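model.cif, holding mmCIF, C-alpha atoms:
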data_upload
#
loop_
_atom_site.label_atom_id
_atom_site.label_comp_id
_atom_site.auth_asym_id
_atom_site.auth_seq_id
_atom_site.Cartn_x
_atom_site.Cartn_y
_atom_site.Cartn_z
CA MET A 29 108.69 90.88 112.61
CA GLU A 30 105.30 91.57 111.06
CA TYR A 31 102.27 90.57 113.11
CA ASN A 32 98.88 89.63 111.68
CA THR A 33 97.35 92.59 113.51
CA GLN A 34 99.53 94.87 111.37
CA ARG A 35 98.47 93.24 108.08
CA THR A 36 95.44 93.89 105.89
CA HIS A 37 92.22 92.69 107.50
CA LEU A 38 91.01 89.33 106.16
CA HIS A 39 87.38 89.81 105.17
CA LEU A 40 86.92 86.03 104.72
CA PRO A 41 89.61 84.24 106.77
CA GLU A 42 88.70 80.83 105.31
CA TYR A 43 90.32 81.82 102.00
CA GLY A 44 93.62 82.73 103.59
CA ARG A 45 96.02 85.64 103.11
CA ILE A 46 97.30 84.58 99.68
CA ILE A 47 93.92 85.06 98.02
CA GLN A 48 93.38 88.28 99.95
CA GLN A 49 96.67 89.61 98.56
CA LEU A 50 95.71 88.56 95.02
CA VAL A 51 92.46 90.50 95.36
CA GLU A 52 94.35 93.56 96.58
CA ARG A 53 96.70 93.23 93.60
CA CYS A 54 93.69 92.95 91.26
CA LYS A 55 92.31 96.24 92.56
CA GLU A 56 95.60 97.98 91.72
CA LEU A 57 95.71 96.98 88.03
CA PRO A 58 95.28 99.99 85.71
CA THR A 59 92.68 98.70 83.21
CA LYS A 60 89.29 97.07 83.68
CA GLN A 61 90.19 94.30 81.22
CA GLU A 62 93.28 93.34 83.23
CA ARG A 63 91.32 93.39 86.47
CA SER A 64 88.56 91.26 84.94
CA GLU A 65 91.03 88.66 83.63
CA LEU A 66 92.78 88.40 86.98
CA ALA A 67 89.40 88.20 88.76
CA VAL A 68 88.46 85.13 86.68
CA ALA A 69 91.76 83.47 87.63
CA ILE A 70 91.26 84.33 91.31
CA VAL A 71 87.75 82.84 91.32
CA ASP A 72 89.10 79.61 89.77
CA PHE A 73 91.82 79.52 92.42
CA MET A 74 89.24 80.09 95.17
CA GLY A 75 87.26 77.11 93.84
CA GLN A 76 90.38 74.91 93.90
CA ARG A 77 91.20 75.93 97.47
CA ASN A 78 87.63 75.23 98.61
CA PRO A 79 86.39 72.21 96.60
CA GLN A 80 83.59 71.59 99.11
CA LEU A 81 81.75 74.60 97.67
CA ARG A 82 81.17 72.68 94.45
CA ASP A 83 78.56 70.59 96.26
CA GLU A 84 76.47 73.70 96.87
CA GLN A 85 73.92 75.10 94.49
CA ASN A 86 75.14 78.04 92.34
CA TYR A 87 78.62 77.71 93.81
CA LYS A 88 80.15 79.85 91.01
CA HIS A 89 77.84 82.71 91.90
CA LYS A 90 78.81 82.33 95.53
CA LEU A 91 82.52 82.47 94.66
CA TRP A 92 82.05 85.75 92.77
CA ASP A 93 80.11 87.18 95.72
CA HIS A 94 82.99 86.17 97.98
CA LEU A 95 85.44 87.86 95.62
CA PHE A 96 83.62 91.19 96.05
CA ILE A 97 83.51 90.73 99.81
CA LEU A 98 87.27 90.14 99.80
CA ALA A 99 87.63 93.36 97.78
CA ASP A 100 85.54 95.20 100.39
CA TYR A 101 82.90 95.81 97.66
CA ASP A 102 85.36 98.03 95.79
CA LEU A 103 86.31 96.24 92.57
CA ASP A 104 85.57 97.61 89.08
CA ILE A 105 85.44 94.54 86.80
CA ASP A 106 83.14 92.80 84.33
CA SER A 107 81.34 90.19 86.41
CA PRO A 108 79.12 87.38 85.07
CA TYR A 109 76.77 88.01 88.02
CA PRO A 110 75.17 91.13 89.53
CA LEU A 111 77.53 92.88 91.91
CA PRO A 112 76.50 92.43 95.54
CA THR A 113 76.30 95.48 97.75
CA ARG A 114 77.32 95.92 101.35
CA GLU A 115 73.70 96.63 102.27
CA GLU A 116 72.46 93.39 100.67
CA MET A 117 75.04 91.32 102.49
CA ALA A 118 74.24 93.02 105.78
CA VAL A 119 70.59 91.91 105.65
CA LYS A 120 70.01 89.24 108.28
CA PRO A 121 68.06 86.10 107.37
CA LYS A 122 64.50 85.83 108.58
CA LYS A 123 63.99 84.20 111.91
CA MET A 124 63.04 80.56 111.67
CA ASP A 125 59.93 79.48 113.49
CA TYR A 126 60.57 77.11 116.35
CA PRO A 127 59.25 73.60 115.71
CA LEU A 128 55.99 72.70 117.38
CA LEU A 129 57.59 69.78 119.18
CA GLN A 130 59.09 71.49 122.19
CA GLY A 131 59.41 70.64 125.86
CA GLU A 132 57.70 67.40 126.77
CA PHE A 133 56.77 66.65 123.14
CA LYS A 134 60.16 66.91 121.39
CA PHE A 135 60.89 63.16 121.44
CA TYR A 136 57.87 62.27 119.29
CA GLY A 137 59.47 63.56 116.09
CA LYS A 138 58.11 65.39 113.06
CA SER A 139 56.66 62.22 111.51
CA ILE A 140 54.10 62.01 114.34
CA LEU A 141 52.94 65.55 113.55
CA GLN A 142 52.57 64.63 109.88
CA LEU A 143 50.51 61.55 110.78
CA ILE A 144 48.33 63.63 113.09
CA GLU A 145 47.64 66.12 110.30
CA LYS A 146 46.78 63.22 107.98
CA ALA A 147 44.39 61.73 110.54
CA ILE A 148 42.69 65.11 111.01
CA GLU A 149 42.07 65.36 107.25
CA LEU A 150 40.38 61.93 107.06
CA GLU A 151 36.62 61.65 107.34
CA ALA A 152 35.22 59.91 110.39
CA GLY A 153 35.26 56.15 110.04
CA GLU A 154 37.25 52.96 110.57
CA GLU A 155 40.27 54.19 108.59
CA LYS A 156 40.56 57.34 110.71
CA ASP A 157 40.08 55.40 113.98
CA ALA A 158 42.74 52.88 112.97
CA LEU A 159 45.23 55.63 112.06
CA ILE A 160 44.65 57.44 115.35
CA GLN A 161 45.35 54.23 117.27
CA VAL A 162 48.50 53.62 115.19
CA ILE A 163 49.65 57.14 116.05
CA ALA A 164 48.99 56.62 119.75
CA ASN A 165 50.84 53.29 119.79
CA ASN A 166 53.85 54.86 118.07
CA MET A 167 53.77 57.79 120.49
CA LYS A 168 53.87 55.32 123.36
CA LYS A 169 56.87 53.53 121.87
CA SER A 170 58.70 56.83 121.34
CA TYR A 171 57.92 57.93 124.89
CA ASN A 172 59.23 54.69 126.37
CA VAL A 173 62.43 54.81 124.29
CA TYR A 174 63.15 58.43 125.25
CA ASN A 175 62.18 58.30 128.92
CA LYS A 176 63.25 54.70 129.65
CA GLU A 177 60.17 54.22 131.78
CA HIS A 178 56.62 52.95 131.44
CA VAL A 179 54.04 55.58 130.53
CA GLN A 180 50.36 55.50 131.36
CA ASP A 181 48.01 55.55 128.39
CA GLU A 182 46.21 58.58 129.80
CA VAL A 183 49.43 60.57 129.28
CA ILE A 184 49.57 59.52 125.61
CA PHE A 185 45.91 60.47 125.16
CA ARG A 186 46.57 63.91 126.69
CA HIS A 187 49.63 64.48 124.50
CA LEU A 188 47.67 63.42 121.41
CA LYS A 189 44.91 65.90 122.22
CA ASP A 190 47.44 68.69 122.80
CA LEU A 191 49.39 68.00 119.59
CA SER A 192 46.18 67.79 117.55
CA GLU A 193 44.72 70.88 119.27
CA ASN A 194 41.86 68.79 120.66
CA ARG A 195 40.90 67.46 117.22
CA LEU A 196 41.91 63.84 117.94
CA ASP A 197 40.60 62.14 121.06
CA LEU A 198 41.12 58.59 122.35
CA THR A 199 39.66 59.11 125.80
CA GLY A 200 36.85 56.72 124.88
CA ILE A 201 39.34 53.83 125.02
CA ASP A 202 40.30 52.53 128.46
CA SER A 203 43.79 51.65 127.29
CA LEU A 204 45.81 51.07 124.13
CA ASP A 205 45.89 47.35 125.02
CA LYS A 206 42.19 47.20 124.17
CA SER A 207 42.51 48.88 120.79
CA LYS A 208 41.92 46.98 117.54
CA ILE A 209 45.50 47.63 116.47
CA TYR A 210 46.86 45.98 119.61
CA TYR A 211 44.73 42.88 119.25
CA ALA A 212 45.40 42.54 115.53
CA SER A 213 49.13 42.75 116.18
CA ASN A 214 48.96 40.22 119.00
CA ARG A 215 46.91 37.80 116.91
CA ASN A 216 49.45 37.98 114.09
CA ASN A 217 52.33 37.40 116.51
CA LYS A 218 50.48 34.52 118.16
CA ASN A 219 49.69 32.90 114.82
CA ASN A 220 53.29 33.29 113.72
CA ASN A 221 54.54 31.73 116.97
CA ASN A 222 52.06 28.84 116.69
CA SER A 223 53.12 28.21 113.11
CA LYS A 224 56.77 28.27 114.11
CA ASN A 225 56.21 25.90 117.05
CA SER A 226 54.22 23.54 114.83
CA SER A 227 57.03 23.34 112.29
CA GLN A 228 59.58 22.69 115.03
CA ASN A 229 57.43 19.92 116.51
CA LYS A 230 57.05 18.25 113.11
CA ARG A 231 60.81 18.26 112.55
CA ARG A 232 61.41 16.90 116.04
CA ASN A 233 58.89 14.06 115.57
CA PHE A 234 60.41 13.20 112.18
CA HIS A 235 63.89 12.85 113.67
CA ASN A 236 62.60 10.83 116.64
CA ASN A 237 60.79 8.36 114.35
CA LYS A 238 63.85 8.08 112.15
CA ASN A 239 66.06 7.27 115.14
CA ARG A 240 63.68 4.56 116.35
CA LYS A 241 63.88 2.81 112.98
#

As structure tokens, how would this structure be written, given the file I've shared?
Amino acid sequence: MEYNTQRTHLHLPEYGRIIQQLVERCKELPTKQERSELAVAIVDFMGQRNPQLRDEQNYKHKLWDHLFILADYDLDIDSPYPLPTREEMAVKPKKMDYPLLQGEFKFYGKSILQLIEKAIELEAGEEKDALIQVIANNMKKSYNVYNKEHVQDEVIFRHLKDLSENRLDLTGIDSLDKSKIYYASNRNNKNNNNSKNSSQNKRRNFHNNKNRK
């Protein structure tokens, strides 16, 4: 019995042993033309075995790179793309910067940071004040959803100052309930409710008068 540990090492296990054996056979062919023709067929076969790669950008180029990796970078053929080297493939990607929203701020989301940057860019005035209050109200909603508990407005003000690096400040407001945004929203809701109740009362009176007749 032959064990996998005794077989040729699979450089890319996701392609399976059949493709690995085809690549090994390609390397053994005597002429460059024969190797190149078989390499084209192998790449097509690799694409059929892994159709999900077709959704990726430059998937053909990626398949040819994988072919050379399967050949352990030792394959003399005519390739439509530059041959990758072992050194190039060994280069590690650059470290990604951690997002700013960490620790106690992670539940606010990236959109809050974008709104904060937008508010910082605006000139002082009513538009900027309104946007800051909108941001603070949304931060409070996000906090309550994530923590499942009521949060004091002073906490939101402190978080806003920290996230904006002290460039946005709502400490002049006693609470978000006293902001223009809060009152405007409440007035709209109250007007909508009054309008709805008025319509219901009119329908009710109409039916009552109709029944009396």

In Å, with one decimal, what is the gap from atom CA of Ser139 of chain A to atom CA of Tyr171 of chain A? 14.1 Å

Which is closer to Leu98 of chain A than all the others in A:Gln48, A:Asp197, A:Lys169, A:Ala158, using only C-alpha atoms?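 Answer, going by the shortest atom-to-atom distance: A:Gln48.
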
Let me make sure I understand: among A:Met124, A:Leu111, A:Ile144, A:Ile70, which one has the smallest atom-to-atom distance to Arg53 of chain A if we use all atoms listed in the file?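 The closest residue to Arg53 of chain A is A:Ile70.
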
Computed interatomic separation between atom CA of Glu62 of chain A and atom CA of Leu103 of chain A (Å): 12.0 Å

Point-to-point distance from atom CA of Asp106 of chain A to atom CA of Lys60 of chain A, Å rounded to tenths: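 Between these atoms lies a distance of 7.5 Å.
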
Enclose segment 58-66 of chain A, meaning all of its atoms listed in the file, in a box aligned along x, y and z, pad it by 5 Å on each side, and list the centre and edge lengths in Å to one decimal, as JSON.
{"center_x": 91.9, "center_y": 94.2, "center_z": 84.1, "size_x": 16.7, "size_y": 21.6, "size_z": 15.8}
